[in-house]
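Peer 1: Below is a structure I'd like to ask you about.
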Amino acid sequence: MTTAPPRPDSPYQSYVYAYPHKTAYRPLPERPPLRELWAGEAQHALSLYLHIPFCEVRCGFCNLFTRIGSPEGLTTAYLDALERQATAVRAALDDGARFALAAFGGGTPTYLTAGELERLCDIAERRMGADLRAIPLSVEASPATATADRLEVLAARGTTRLSLGVQSFDDAEARSAVRPQKRAEVEAALGRIRAAGFPVLNIDLIYGIDGQTEASWLRSLDTALAWQPEELYLYPLYVRPLTGLARRGEQESRAAWDARRLALYRAGRDHLLAHGYQQVSMRMFRRAASPQAGAGEYACQTDGMVGLGCGARSYTSRLHYSFDYAVNATEVRGIIDDYVATEDFHHAEVGHRMGGAEPRRRHLVQSLLQAEGLPLADYRARFGGSPAEDFPAELADFAERGWLDDRDAEFLRLSPEGLAHSDAAGPMLFSPEVRALMAAYEAK
């Protein structure tokens, strides 16, 4: 079933937040109808994701699908297209389809005005049938766009988790990451978010920024901890093609940068564990004393996801699909313009078919990169056999490197060192076919 995995030369190969990555997607010449794709799929606990591809600025490290600013009328036209897509997608689902979780991402969803956020919620509720006040709803925001009127709308419409991209509370580090913000602006936004009363506040921070030291990293963590966030995400800095930081060039050798990021990760992990946080994954930490923080946890790749918007993915058991993907500003604008002009949203355009062992790989990646690991009984119930039988080469390599924790025979679980190397371990689990597709992808 498997071939020997590649041996990484760096602990920072790729952030695996979904399998396979969009760079493995390809145009679908047959353009399968959505109604056929969703026929026979379990639809009692779907995830709903609405993508807003606009930001006020592009950070130096950002390779997300997003446009900076918008000409007059574009956000209205985008929401019009989103509503057309929602109508088509809902018609492809069963009458009894239900949503267990919703999220607004981007880009920056709070780039929209308060009135546009009301309309976004209406699309989710009235067109898709998601009861936003009855299910967990997560929304991403930036400090500049987390205004009182926007937050009031989101709180009133049922948002349970507000995630704020901070990255650093140090103004010099923010400038180094090409993120134009001031600490005072960030703290003012956090004050408004706490005043709005969201049950879960998440703060995103980045380590590995040029000029960042362990002392400055811990100061940022302590500033975040003063707000008692229910969740913290700690991201290693990546410099991706076509981003602002890539154009700047290397600031230090790769080996030195790897060592510095690993040291900062360990310092941050240990600091949060000492302050009462539990490690959920390499990136995610949850305040142990917060009963709300884990509410509504949900594995969208297992249970199915419906994505709306030109940067959103959808998952069925047989096909992962989306629209075209780009980072370059001109290419992104073209894709958004094409989306806004689209009238027929009844077909899948770009995707990757989940045949053969791909569902097993997806489940293994999705589960093993979590601190709690993979219950072996669950794997047997889903697929028969065991991960060791299906992926012997990969897991033998992990064991040789000391990345597996063998203290519990009922779980396949990464060791602390394995978790630290999650961004190398994840890509080592990719199939040869997916690796070949990703390698052949031409960045645009």
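Ordered as shown in the structure tokens, chains take letters A, B, and onward, while each chain numbers its residues from 1 and ligands are numbered from 1 in the order shown.
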Would you kindly return, as a ChimeraX atom specification, each protein, DNA or RNA residue with an atom no farther than 12 Å from any atom of Leu273 of chain A, considering only C-alpha atoms and excluding same-chain residues fewer than 2 positions away?
Peer 2: /A:221,225,232,266-271,275-280,284-288
Peer 1: As JSON, numbers by chain, please: every residue in segment 151-289 of chain A that a backbone DSSP assignment puts in strand (DSSP E).
Peer 2: {"A": [161, 162, 163, 164, 165, 166, 167, 200, 201, 202, 203, 204, 205, 206, 207, 231, 232, 233, 234, 235, 236, 277, 278, 279, 284, 285, 286, 287]}
Peer 1: I'd like to know which of A:Ala134, A:Met354, A:Leu79, A:Leu262 is closest to Thr159 of chain A, using only C-alpha atoms.
Peer 2: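 When distances to Thr159 of chain A are compared using only C-alpha atoms, the smallest one comes from A:Ala134.
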Peer 1: Skipping near chain neighbours, those fewer than 4 positions away, what residues fall within 12 Å of segment 117-120 of chain A using only C-alpha atoms, listed as an mmCIF file with all heavy atoms, in the first residue's frame?
Peer 2:
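So out_25.cif came out as:
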data_model
loop_
_atom_site.group_PDB
_atom_site.id
_atom_site.type_symbol
_atom_site.label_atom_id
_atom_site.label_comp_id
_atom_site.auth_asym_id
_atom_site.auth_seq_id
_atom_site.Cartn_x
_atom_site.Cartn_y
_atom_site.Cartn_z
ATOM 1 N N TYR A 49 -18.526 26.375 6.044
ATOM 2 C CA TYR A 49 -17.439 27.360 6.044
ATOM 3 C C TYR A 49 -17.715 28.406 4.975
ATOM 4 O O TYR A 49 -17.957 28.069 3.808
ATOM 5 C CB TYR A 49 -16.098 26.675 5.764
ATOM 6 C CG TYR A 49 -14.937 27.637 5.677
ATOM 7 C CD1 TYR A 49 -14.423 28.239 6.822
ATOM 8 C CD2 TYR A 49 -14.370 27.957 4.451
ATOM 9 C CE1 TYR A 49 -13.361 29.122 6.746
ATOM 10 C CE2 TYR A 49 -13.302 28.840 4.366
ATOM 11 C CZ TYR A 49 -12.810 29.428 5.520
ATOM 12 O OH TYR A 49 -11.761 30.313 5.445
ATOM 13 N N LEU A 50 -17.709 29.671 5.370
ATOM 14 C CA LEU A 50 -17.900 30.782 4.440
ATOM 15 C C LEU A 50 -16.608 31.574 4.361
ATOM 16 O O LEU A 50 -16.078 32.005 5.389
ATOM 17 C CB LEU A 50 -19.047 31.688 4.885
ATOM 18 C CG LEU A 50 -20.467 31.252 4.497
ATOM 19 C CD1 LEU A 50 -20.852 29.956 5.213
ATOM 20 C CD2 LEU A 50 -21.483 32.337 4.820
ATOM 21 N N HIS A 51 -16.095 31.755 3.142
ATOM 22 C CA HIS A 51 -14.792 32.385 2.943
ATOM 23 C C HIS A 51 -14.952 33.805 2.405
ATOM 24 O O HIS A 51 -15.632 34.033 1.400
ATOM 25 C CB HIS A 51 -13.964 31.554 1.953
ATOM 26 C CG HIS A 51 -12.607 32.130 1.689
ATOM 27 N ND1 HIS A 51 -12.309 32.821 0.550
ATOM 28 C CD2 HIS A 51 -11.474 32.125 2.436
ATOM 29 C CE1 HIS A 51 -11.043 33.211 0.588
ATOM 30 N NE2 HIS A 51 -10.518 32.805 1.727
ATOM 31 N N ILE A 52 -14.279 34.747 3.072
ATOM 32 C CA ILE A 52 -14.278 36.152 2.656
ATOM 33 C C ILE A 52 -12.852 36.506 2.243
ATOM 34 O O ILE A 52 -11.968 36.617 3.098
ATOM 35 C CB ILE A 52 -14.754 37.074 3.798
ATOM 36 C CG1 ILE A 52 -16.147 36.658 4.275
ATOM 37 C CG2 ILE A 52 -14.739 38.538 3.344
ATOM 38 C CD1 ILE A 52 -17.217 36.705 3.204
ATOM 39 N N THR A 75 -17.544 44.082 -2.667
ATOM 40 C CA THR A 75 -18.003 43.220 -1.575
ATOM 41 C C THR A 75 -19.490 42.910 -1.713
ATOM 42 O O THR A 75 -19.920 41.789 -1.410
ATOM 43 C CB THR A 75 -17.720 43.862 -0.206
ATOM 44 O OG1 THR A 75 -18.290 45.183 -0.157
ATOM 45 C CG2 THR A 75 -16.223 43.957 0.062
ATOM 46 N N THR A 76 -20.260 43.857 -2.197
ATOM 47 C CA THR A 76 -21.684 43.587 -2.445
ATOM 48 C C THR A 76 -21.841 42.535 -3.537
ATOM 49 O O THR A 76 -22.628 41.579 -3.401
ATOM 50 C CB THR A 76 -22.409 44.870 -2.858
ATOM 51 O OG1 THR A 76 -22.357 45.812 -1.785
ATOM 52 C CG2 THR A 76 -23.865 44.587 -3.200
ATOM 53 N N TYR A 78 -19.671 40.310 -4.348
ATOM 54 C CA TYR A 78 -19.186 39.041 -3.827
ATOM 55 C C TYR A 78 -20.260 38.352 -2.986
ATOM 56 O O TYR A 78 -20.497 37.143 -3.117
ATOM 57 C CB TYR A 78 -17.931 39.260 -2.994
ATOM 58 C CG TYR A 78 -17.316 37.960 -2.494
ATOM 59 C CD1 TYR A 78 -16.470 37.214 -3.309
ATOM 60 C CD2 TYR A 78 -17.611 37.468 -1.223
ATOM 61 C CE1 TYR A 78 -15.927 36.017 -2.873
ATOM 62 C CE2 TYR A 78 -17.069 36.272 -0.773
ATOM 63 C CZ TYR A 78 -16.224 35.550 -1.602
ATOM 64 O OH TYR A 78 -15.695 34.359 -1.170
ATOM 65 N N LEU A 79 -20.938 39.112 -2.126
ATOM 66 C CA LEU A 79 -22.005 38.538 -1.316
ATOM 67 C C LEU A 79 -23.176 38.085 -2.194
ATOM 68 O O LEU A 79 -23.836 37.091 -1.888
ATOM 69 C CB LEU A 79 -22.469 39.537 -0.259
ATOM 70 C CG LEU A 79 -21.464 39.813 0.864
ATOM 71 C CD1 LEU A 79 -21.946 40.944 1.755
ATOM 72 C CD2 LEU A 79 -21.220 38.560 1.701
ATOM 73 N N ASP A 80 -23.428 38.805 -3.290
ATOM 74 C CA ASP A 80 -24.458 38.360 -4.237
ATOM 75 C C ASP A 80 -24.098 36.983 -4.793
ATOM 76 O O ASP A 80 -24.947 36.077 -4.877
ATOM 77 C CB ASP A 80 -24.589 39.354 -5.396
ATOM 78 C CG ASP A 80 -25.220 40.673 -4.988
ATOM 79 O OD1 ASP A 80 -25.831 40.735 -3.904
ATOM 80 O OD2 ASP A 80 -25.082 41.644 -5.765
ATOM 81 N N ALA A 81 -22.819 36.817 -5.191
ATOM 82 C CA ALA A 81 -22.375 35.531 -5.729
ATOM 83 C C ALA A 81 -22.419 34.451 -4.652
ATOM 84 O O ALA A 81 -22.800 33.304 -4.926
ATOM 85 C CB ALA A 81 -20.963 35.660 -6.294
ATOM 86 N N LEU A 82 -22.040 34.815 -3.429
ATOM 87 C CA LEU A 82 -22.084 33.862 -2.323
ATOM 88 C C LEU A 82 -23.510 33.379 -2.101
ATOM 89 O O LEU A 82 -23.751 32.184 -1.840
ATOM 90 C CB LEU A 82 -21.532 34.524 -1.058
ATOM 91 C CG LEU A 82 -21.119 33.611 0.091
ATOM 92 C CD1 LEU A 82 -19.862 32.830 -0.285
ATOM 93 C CD2 LEU A 82 -20.844 34.430 1.351
ATOM 94 N N GLU A 83 -24.473 34.278 -2.243
ATOM 95 C CA GLU A 83 -25.866 33.891 -2.068
ATOM 96 C C GLU A 83 -26.323 32.972 -3.204
ATOM 97 O O GLU A 83 -27.052 31.993 -2.973
ATOM 98 C CB GLU A 83 -26.745 35.135 -1.985
ATOM 99 C CG GLU A 83 -28.156 34.845 -1.556
ATOM 100 C CD GLU A 83 -28.820 36.029 -0.869
ATOM 101 O OE1 GLU A 83 -28.262 37.141 -0.890
ATOM 102 O OE2 GLU A 83 -29.918 35.823 -0.305
ATOM 103 N N ALA A 86 -24.803 29.615 -2.429
ATOM 104 C CA ALA A 86 -25.492 28.974 -1.312
ATOM 105 C C ALA A 86 -26.810 28.354 -1.767
ATOM 106 O O ALA A 86 -27.164 27.238 -1.362
ATOM 107 C CB ALA A 86 -25.730 29.980 -0.196
ATOM 108 N N ALA A 102 -20.187 26.019 12.284
ATOM 109 C CA ALA A 102 -20.000 26.986 11.204
ATOM 110 C C ALA A 102 -18.776 27.838 11.505
ATOM 111 O O ALA A 102 -18.398 28.034 12.666
ATOM 112 C CB ALA A 102 -21.233 27.871 11.029
ATOM 113 N N ALA A 103 -18.163 28.341 10.437
ATOM 114 C CA ALA A 103 -17.002 29.210 10.587
ATOM 115 C C ALA A 103 -16.958 30.195 9.438
ATOM 116 O O ALA A 103 -17.318 29.863 8.306
ATOM 117 C CB ALA A 103 -15.713 28.386 10.628
ATOM 118 N N PHE A 104 -16.524 31.426 9.756
ATOM 119 C CA PHE A 104 -16.264 32.443 8.742
ATOM 120 C C PHE A 104 -14.763 32.693 8.754
ATOM 121 O O PHE A 104 -14.189 33.042 9.788
ATOM 122 C CB PHE A 104 -16.985 33.756 9.059
ATOM 123 C CG PHE A 104 -18.486 33.651 9.172
ATOM 124 C CD1 PHE A 104 -19.205 34.632 9.854
ATOM 125 C CD2 PHE A 104 -19.194 32.603 8.603
ATOM 126 C CE1 PHE A 104 -20.581 34.562 9.964
ATOM 127 C CE2 PHE A 104 -20.578 32.517 8.711
ATOM 128 C CZ PHE A 104 -21.270 33.501 9.397
ATOM 129 N N GLY A 105 -14.119 32.502 7.598
ATOM 130 C CA GLY A 105 -12.682 32.696 7.526
ATOM 131 C C GLY A 105 -12.298 33.501 6.308
ATOM 132 O O GLY A 105 -13.138 34.009 5.570
ATOM 133 N N THR A 108 -10.052 38.141 5.799
ATOM 134 C CA THR A 108 -10.524 38.688 7.069
ATOM 135 C C THR A 108 -12.025 38.912 6.972
ATOM 136 O O THR A 108 -12.470 39.890 6.355
ATOM 137 C CB THR A 108 -9.812 40.023 7.398
ATOM 138 O OG1 THR A 108 -8.397 39.854 7.314
ATOM 139 C CG2 THR A 108 -10.188 40.494 8.792
ATOM 140 N N PRO A 109 -12.842 38.032 7.559
ATOM 141 C CA PRO A 109 -14.294 38.232 7.491
ATOM 142 C C PRO A 109 -14.740 39.604 7.999
ATOM 143 O O PRO A 109 -15.696 40.189 7.466
ATOM 144 C CB PRO A 109 -14.838 37.103 8.367
ATOM 145 C CG PRO A 109 -13.792 36.046 8.297
ATOM 146 C CD PRO A 109 -12.486 36.779 8.232
ATOM 147 N N THR A 110 -14.059 40.119 9.038
ATOM 148 C CA THR A 110 -14.458 41.414 9.591
ATOM 149 C C THR A 110 -13.987 42.590 8.730
ATOM 150 O O THR A 110 -14.160 43.741 9.118
ATOM 151 C CB THR A 110 -13.944 41.565 11.037
ATOM 152 O OG1 THR A 110 -12.559 41.212 11.088
ATOM 153 C CG2 THR A 110 -14.734 40.666 11.975
ATOM 154 N N TYR A 111 -13.414 42.304 7.562
ATOM 155 C CA TYR A 111 -13.224 43.354 6.562
ATOM 156 C C TYR A 111 -14.589 43.884 6.123
ATOM 157 O O TYR A 111 -14.734 45.063 5.794
ATOM 158 C CB TYR A 111 -12.464 42.791 5.365
ATOM 159 C CG TYR A 111 -12.240 43.785 4.251
ATOM 160 C CD1 TYR A 111 -11.111 44.592 4.226
ATOM 161 C CD2 TYR A 111 -13.170 43.908 3.207
ATOM 162 C CE1 TYR A 111 -10.907 45.506 3.203
ATOM 163 C CE2 TYR A 111 -12.979 44.821 2.179
ATOM 164 C CZ TYR A 111 -11.848 45.611 2.182
ATOM 165 O OH TYR A 111 -11.653 46.527 1.176
ATOM 166 N N LEU A 112 -15.605 43.004 6.130
ATOM 167 C CA LEU A 112 -16.965 43.413 5.795
ATOM 168 C C LEU A 112 -17.487 44.396 6.825
ATOM 169 O O LEU A 112 -17.108 44.362 7.996
ATOM 170 C CB LEU A 112 -17.879 42.192 5.741
ATOM 171 C CG LEU A 112 -17.536 41.096 4.723
ATOM 172 C CD1 LEU A 112 -18.528 39.945 4.849
ATOM 173 C CD2 LEU A 112 -17.507 41.648 3.303
ATOM 174 N N THR A 113 -18.372 45.276 6.397
ATOM 175 C CA THR A 113 -19.019 46.193 7.330
ATOM 176 C C THR A 113 -19.993 45.437 8.230
ATOM 177 O O THR A 113 -20.326 44.268 7.978
ATOM 178 C CB THR A 113 -19.792 47.273 6.566
ATOM 179 O OG1 THR A 113 -20.880 46.638 5.861
ATOM 180 C CG2 THR A 113 -18.900 48.010 5.585
ATOM 181 N N ALA A 124 -25.914 32.263 5.657
ATOM 182 C CA ALA A 124 -25.694 30.992 6.354
ATOM 183 C C ALA A 124 -26.995 30.424 6.910
ATOM 184 O O ALA A 124 -27.230 29.213 6.857
ATOM 185 C CB ALA A 124 -24.681 31.187 7.486
ATOM 186 N N GLU A 125 -27.845 31.290 7.438
ATOM 187 C CA GLU A 125 -29.066 30.821 8.088
ATOM 188 C C GLU A 125 -30.202 30.601 7.092
ATOM 189 O O GLU A 125 -30.812 29.528 7.061
ATOM 190 C CB GLU A 125 -29.481 31.819 9.166
ATOM 191 C CG GLU A 125 -28.527 31.847 10.354
ATOM 192 C CD GLU A 125 -29.101 32.598 11.540
ATOM 193 O OE1 GLU A 125 -29.869 33.560 11.329
ATOM 194 O OE2 GLU A 125 -28.779 32.224 12.678
ATOM 195 N N ARG A 126 -30.497 31.611 6.290
ATOM 196 C CA ARG A 126 -31.694 31.552 5.459
ATOM 197 C C ARG A 126 -31.486 30.740 4.187
ATOM 198 O O ARG A 126 -32.419 30.071 3.715
ATOM 199 C CB ARG A 126 -32.149 32.968 5.110
ATOM 200 C CG ARG A 126 -32.549 33.795 6.346
ATOM 201 C CD ARG A 126 -32.892 35.222 5.981
ATOM 202 N NE ARG A 126 -33.152 36.026 7.178
ATOM 203 C CZ ARG A 126 -33.386 37.333 7.173
ATOM 204 N NH1 ARG A 126 -33.406 37.990 6.006
ATOM 205 N NH2 ARG A 126 -33.595 38.001 8.292
ATOM 206 N N ARG A 127 -30.298 30.810 3.613
ATOM 207 C CA ARG A 127 -30.030 30.050 2.389
ATOM 208 C C ARG A 127 -29.566 28.630 2.685
ATOM 209 O O ARG A 127 -29.964 27.688 2.008
ATOM 210 C CB ARG A 127 -28.978 30.774 1.537
ATOM 211 C CG ARG A 127 -29.427 32.116 1.003
ATOM 212 C CD ARG A 127 -30.631 31.982 0.093
ATOM 213 N NE ARG A 127 -31.029 33.285 -0.456
ATOM 214 C CZ ARG A 127 -32.115 33.476 -1.184
ATOM 215 N NH1 ARG A 127 -32.916 32.450 -1.447
ATOM 216 N NH2 ARG A 127 -32.415 34.680 -1.642
ATOM 217 N N MET A 128 -28.682 28.479 3.713
ATOM 218 C CA MET A 128 -28.116 27.157 3.995
ATOM 219 C C MET A 128 -28.866 26.409 5.088
ATOM 220 O O MET A 128 -28.738 25.196 5.212
ATOM 221 C CB MET A 128 -26.637 27.291 4.382
ATOM 222 C CG MET A 128 -25.753 27.790 3.261
ATOM 223 S SD MET A 128 -25.843 26.774 1.757
ATOM 224 C CE MET A 128 -25.279 25.188 2.373
ATOM 225 N N ALA A 130 -28.434 26.864 8.425
ATOM 226 C CA ALA A 130 -27.643 26.692 9.647
ATOM 227 C C ALA A 130 -28.191 27.594 10.740
ATOM 228 O O ALA A 130 -28.361 28.795 10.525
ATOM 229 C CB ALA A 130 -26.180 27.026 9.374
ATOM 230 N N LEU A 132 -27.264 29.498 13.509
ATOM 231 C CA LEU A 132 -26.001 29.985 14.066
ATOM 232 C C LEU A 132 -26.053 30.176 15.577
ATOM 233 O O LEU A 132 -25.013 30.131 16.246
ATOM 234 C CB LEU A 132 -25.604 31.303 13.393
ATOM 235 C CG LEU A 132 -25.353 31.235 11.879
ATOM 236 C CD1 LEU A 132 -24.917 32.595 11.353
ATOM 237 C CD2 LEU A 132 -24.323 30.170 11.541
ATOM 238 N N VAL A 139 -15.265 32.879 14.126
ATOM 239 C CA VAL A 139 -15.027 33.964 13.173
ATOM 240 C C VAL A 139 -13.614 34.502 13.377
ATOM 241 O O VAL A 139 -13.189 34.724 14.516
ATOM 242 C CB VAL A 139 -16.053 35.107 13.339
ATOM 243 C CG1 VAL A 139 -15.790 36.216 12.315
ATOM 244 C CG2 VAL A 139 -17.475 34.584 13.199
ATOM 245 N N THR A 145 -9.961 45.661 12.214
ATOM 246 C CA THR A 145 -11.359 45.487 11.798
ATOM 247 C C THR A 145 -12.257 44.972 12.926
ATOM 248 O O THR A 145 -13.459 44.806 12.711
ATOM 249 C CB THR A 145 -11.449 44.513 10.611
ATOM 250 O OG1 THR A 145 -10.916 43.240 10.996
ATOM 251 C CG2 THR A 145 -10.680 45.050 9.412
ATOM 252 N N ASP A 149 -19.027 47.941 16.329
ATOM 253 C CA ASP A 149 -20.270 47.633 15.611
ATOM 254 C C ASP A 149 -20.215 46.254 14.958
ATOM 255 O O ASP A 149 -21.207 45.512 14.965
ATOM 256 C CB ASP A 149 -20.575 48.717 14.577
ATOM 257 C CG ASP A 149 -19.482 48.907 13.538
ATOM 258 O OD1 ASP A 149 -18.325 48.537 13.819
ATOM 259 O OD2 ASP A 149 -19.775 49.445 12.447
ATOM 260 N N ARG A 150 -19.069 45.879 14.428
ATOM 261 C CA ARG A 150 -18.942 44.549 13.842
ATOM 262 C C ARG A 150 -19.059 43.468 14.920
ATOM 263 O O ARG A 150 -19.740 42.453 14.739
ATOM 264 C CB ARG A 150 -17.609 44.416 13.108
ATOM 265 C CG ARG A 150 -17.461 45.272 11.844
ATOM 266 C CD ARG A 150 -16.057 45.117 11.301
ATOM 267 N NE ARG A 150 -15.857 45.683 9.984
ATOM 268 C CZ ARG A 150 -15.244 46.840 9.746
ATOM 269 N NH1 ARG A 150 -14.806 47.573 10.781
ATOM 270 N NH2 ARG A 150 -15.065 47.274 8.507
ATOM 271 N N LEU A 151 -18.358 43.664 16.027
ATOM 272 C CA LEU A 151 -18.394 42.676 17.098
ATOM 273 C C LEU A 151 -19.802 42.535 17.672
ATOM 274 O O LEU A 151 -20.225 41.436 18.039
ATOM 275 C CB LEU A 151 -17.412 43.064 18.196
ATOM 276 C CG LEU A 151 -15.932 43.090 17.789
ATOM 277 C CD1 LEU A 151 -15.077 43.619 18.936
ATOM 278 C CD2 LEU A 151 -15.447 41.708 17.356
ATOM 279 N N GLU A 152 -20.535 43.634 17.725
ATOM 280 C CA GLU A 152 -21.918 43.577 18.231
ATOM 281 C C GLU A 152 -22.776 42.675 17.351
ATOM 282 O O GLU A 152 -23.557 41.859 17.845
ATOM 283 C CB GLU A 152 -22.504 44.990 18.281
ATOM 284 C CG GLU A 152 -23.920 45.038 18.840
ATOM 285 C CD GLU A 152 -24.485 46.451 18.875
ATOM 286 O OE1 GLU A 152 -23.797 47.388 18.426
ATOM 287 O OE2 GLU A 152 -25.623 46.606 19.371
ATOM 288 N N VAL A 153 -22.611 42.811 16.029
ATOM 289 C CA VAL A 153 -23.362 41.957 15.110
ATOM 290 C C VAL A 153 -22.990 40.491 15.319
ATOM 291 O O VAL A 153 -23.858 39.616 15.443
ATOM 292 C CB VAL A 153 -23.084 42.365 13.644
ATOM 293 C CG1 VAL A 153 -23.616 41.297 12.681
ATOM 294 C CG2 VAL A 153 -23.719 43.707 13.342
ATOM 295 N N LEU A 154 -21.696 40.209 15.375
ATOM 296 C CA LEU A 154 -21.251 38.815 15.498
ATOM 297 C C LEU A 154 -21.713 38.190 16.808
ATOM 298 O O LEU A 154 -22.128 37.032 16.841
ATOM 299 C CB LEU A 154 -19.728 38.753 15.378
ATOM 300 C CG LEU A 154 -19.169 39.120 13.999
ATOM 301 C CD1 LEU A 154 -17.648 39.140 14.038
ATOM 302 C CD2 LEU A 154 -19.667 38.157 12.927
ATOM 303 N N ALA A 155 -21.669 38.960 17.882
ATOM 304 C CA ALA A 155 -22.122 38.432 19.169
ATOM 305 C C ALA A 155 -23.624 38.164 19.140
ATOM 306 O O ALA A 155 -24.094 37.117 19.619
ATOM 307 C CB ALA A 155 -21.771 39.405 20.291
ATOM 308 N N ALA A 156 -24.377 39.084 18.567
ATOM 309 C CA ALA A 156 -25.829 38.924 18.531
ATOM 310 C C ALA A 156 -26.250 37.748 17.649
ATOM 311 O O ALA A 156 -27.278 37.112 17.907
ATOM 312 C CB ALA A 156 -26.482 40.211 18.027
ATOM 313 N N ARG A 157 -25.451 37.431 16.623
ATOM 314 C CA ARG A 157 -25.818 36.365 15.702
ATOM 315 C C ARG A 157 -25.290 34.999 16.151
ATOM 316 O O ARG A 157 -25.451 34.014 15.440
ATOM 317 C CB ARG A 157 -25.321 36.686 14.291
ATOM 318 C CG ARG A 157 -25.936 37.944 13.687
ATOM 319 C CD ARG A 157 -27.453 37.900 13.606
ATOM 320 N NE ARG A 157 -27.938 36.905 12.672
ATOM 321 C CZ ARG A 157 -28.308 37.161 11.421
ATOM 322 N NH1 ARG A 157 -28.255 38.405 10.949
ATOM 323 N NH2 ARG A 157 -28.764 36.194 10.640
ATOM 324 N N GLY A 158 -24.650 34.927 17.310
ATOM 325 C CA GLY A 158 -24.336 33.626 17.882
ATOM 326 C C GLY A 158 -22.884 33.193 17.842
ATOM 327 O O GLY A 158 -22.588 32.020 18.105
ATOM 328 N N THR A 159 -21.965 34.097 17.521
ATOM 329 C CA THR A 159 -20.559 33.719 17.465
ATOM 330 C C THR A 159 -20.086 33.240 18.830
ATOM 331 O O THR A 159 -20.234 33.944 19.836
ATOM 332 C CB THR A 159 -19.687 34.904 17.007
ATOM 333 O OG1 THR A 159 -20.143 35.344 15.727
ATOM 334 C CG2 THR A 159 -18.219 34.512 16.938
ATOM 335 N N LEU A 308 -18.398 27.677 1.084
ATOM 336 C CA LEU A 308 -18.946 28.705 0.201
ATOM 337 C C LEU A 308 -17.932 29.822 0.056
ATOM 338 O O LEU A 308 -17.304 30.234 1.029
ATOM 339 C CB LEU A 308 -20.256 29.269 0.760
ATOM 340 C CG LEU A 308 -21.405 28.296 1.006
ATOM 341 C CD1 LEU A 308 -22.595 29.041 1.591
ATOM 342 C CD2 LEU A 308 -21.796 27.573 -0.269
ATOM 343 N N GLY A 309 -17.787 30.336 -1.157
ATOM 344 C CA GLY A 309 -16.807 31.383 -1.414
ATOM 345 C C GLY A 309 -15.699 30.847 -2.294
ATOM 346 O O GLY A 309 -15.439 29.643 -2.349
#
Peer 1: Would you list the contacts of Leu48 of chain A as a list of chain:residue names, taking every protein, DNA or RNA residue within 7 Å and counting only C-alpha atoms, but skipping same-chain residues closer than 4 positions in sequence?
Peer 2: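 In the requested format, the answer is A:Phe99, A:Leu101, A:Ala102, A:Ala103, A:Met305, A:Val306, A:Gly307.
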Peer 1: Write out as a ChimeraX atom specification which residues come within 12 Å of Ala440 of chain A when counting only C-alpha atoms, dropping same-chain ones fewer than 3 positions away.
Peer 2: /A:23-26,433-437,443
Peer 1: Counting only C-alpha atoms, which of A:Leu34, A:Ala371, A:Ala341, A:Ala409 gets nearest to Ala77 of chain A?
Peer 2: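 For Ala77 of chain A, the nearest of the candidates is A:Ala341.
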Peer 1: Please run DSSP on the backbone and report, as a ChimeraX atom specification, all residues within segment 53-167 of chain A that come out as helix (DSSP H, G or I).
Peer 2: /A:74-92,109-111,114-127,143-145,148-156
Peer 1: Between A:Ser142, A:Ser322, A:Asn328, A:Ser281, which one has atoms that come closest to Ala189 of chain A, using only C-alpha atoms?
Peer 2: A:Ser142
Peer 1: Would you list the contacts of Leu364 of chain A as a PyMOL selection string, taking every protein, DNA or RNA residue within 12 Å and counting only C-alpha atoms, but skipping same-chain residues closer than 6 positions in sequence?
Peer 2: chain A and resi 18-19+301-302+357-358+370+373-376+378-380+382-383+386-388+390-391+394-395+411-414+425-431
Peer 1: Counting only C-alpha atoms, figure out which residue out of A:Arg353, A:Gly129, A:Gly385, A:Tyr15 gets nearest to Val89 of chain A.
Peer 2: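 The answer is A:Gly129, which sits nearest to Val89 of chain A.
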Peer 1: Name the residues in contact with Ile336 of chain A at a cut-off of 9 Å, using only C-alpha atoms, excluding same-chain residues fewer than 5 positions from it; report them as a list of chain:residue names.
Peer 2: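 So, after excluding close chain neighbours, the residues are A:Pro53, A:Arg67, A:Tyr78, A:Cys310, A:Gly311, A:Glu331, A:Ala341.
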Peer 1: Would you save the residues of that selection, restricted to N, CA and C atoms, as a PDB file, in the first residue's frame?
Peer 2:
ATOM      1  N   PRO A  53     -12.596  36.702   0.951  1.00  0.00           N
ATOM      2  CA  PRO A  53     -11.214  36.835   0.466  1.00  0.00           C
ATOM      3  C   PRO A  53     -10.710  38.276   0.415  1.00  0.00           C
ATOM      4  N   ARG A  67      -7.475  39.155  -1.260  1.00  0.00           N
ATOM      5  CA  ARG A  67      -7.250  40.381  -2.030  1.00  0.00           C
ATOM      6  C   ARG A  67      -7.123  41.556  -1.060  1.00  0.00           C
ATOM      7  N   TYR A  78     -19.671  40.310  -4.348  1.00  0.00           N
ATOM      8  CA  TYR A  78     -19.186  39.041  -3.827  1.00  0.00           C
ATOM      9  C   TYR A  78     -20.260  38.352  -2.986  1.00  0.00           C
ATOM     10  N   CYS A 310     -14.990  31.757  -2.995  1.00  0.00           N
ATOM     11  CA  CYS A 310     -14.051  31.296  -4.014  1.00  0.00           C
ATOM     12  C   CYS A 310     -12.773  30.717  -3.426  1.00  0.00           C
ATOM     13  N   GLY A 311     -12.522  30.869  -2.120  1.00  0.00           N
ATOM     14  CA  GLY A 311     -11.354  30.248  -1.507  1.00  0.00           C
ATOM     15  C   GLY A 311     -11.689  29.085  -0.612  1.00  0.00           C
ATOM     16  N   GLU A 331      -3.418  37.280 -10.020  1.00  0.00           N
ATOM     17  CA  GLU A 331      -4.152  36.021 -10.185  1.00  0.00           C
ATOM     18  C   GLU A 331      -5.343  35.953  -9.234  1.00  0.00           C
ATOM     19  N   ALA A 341     -18.690  36.838 -11.248  1.00  0.00           N
ATOM     20  CA  ALA A 341     -19.461  36.805 -12.498  1.00  0.00           C
ATOM     21  C   ALA A 341     -20.172  35.478 -12.729  1.00  0.00           C
TER      22      ALA A 341
END
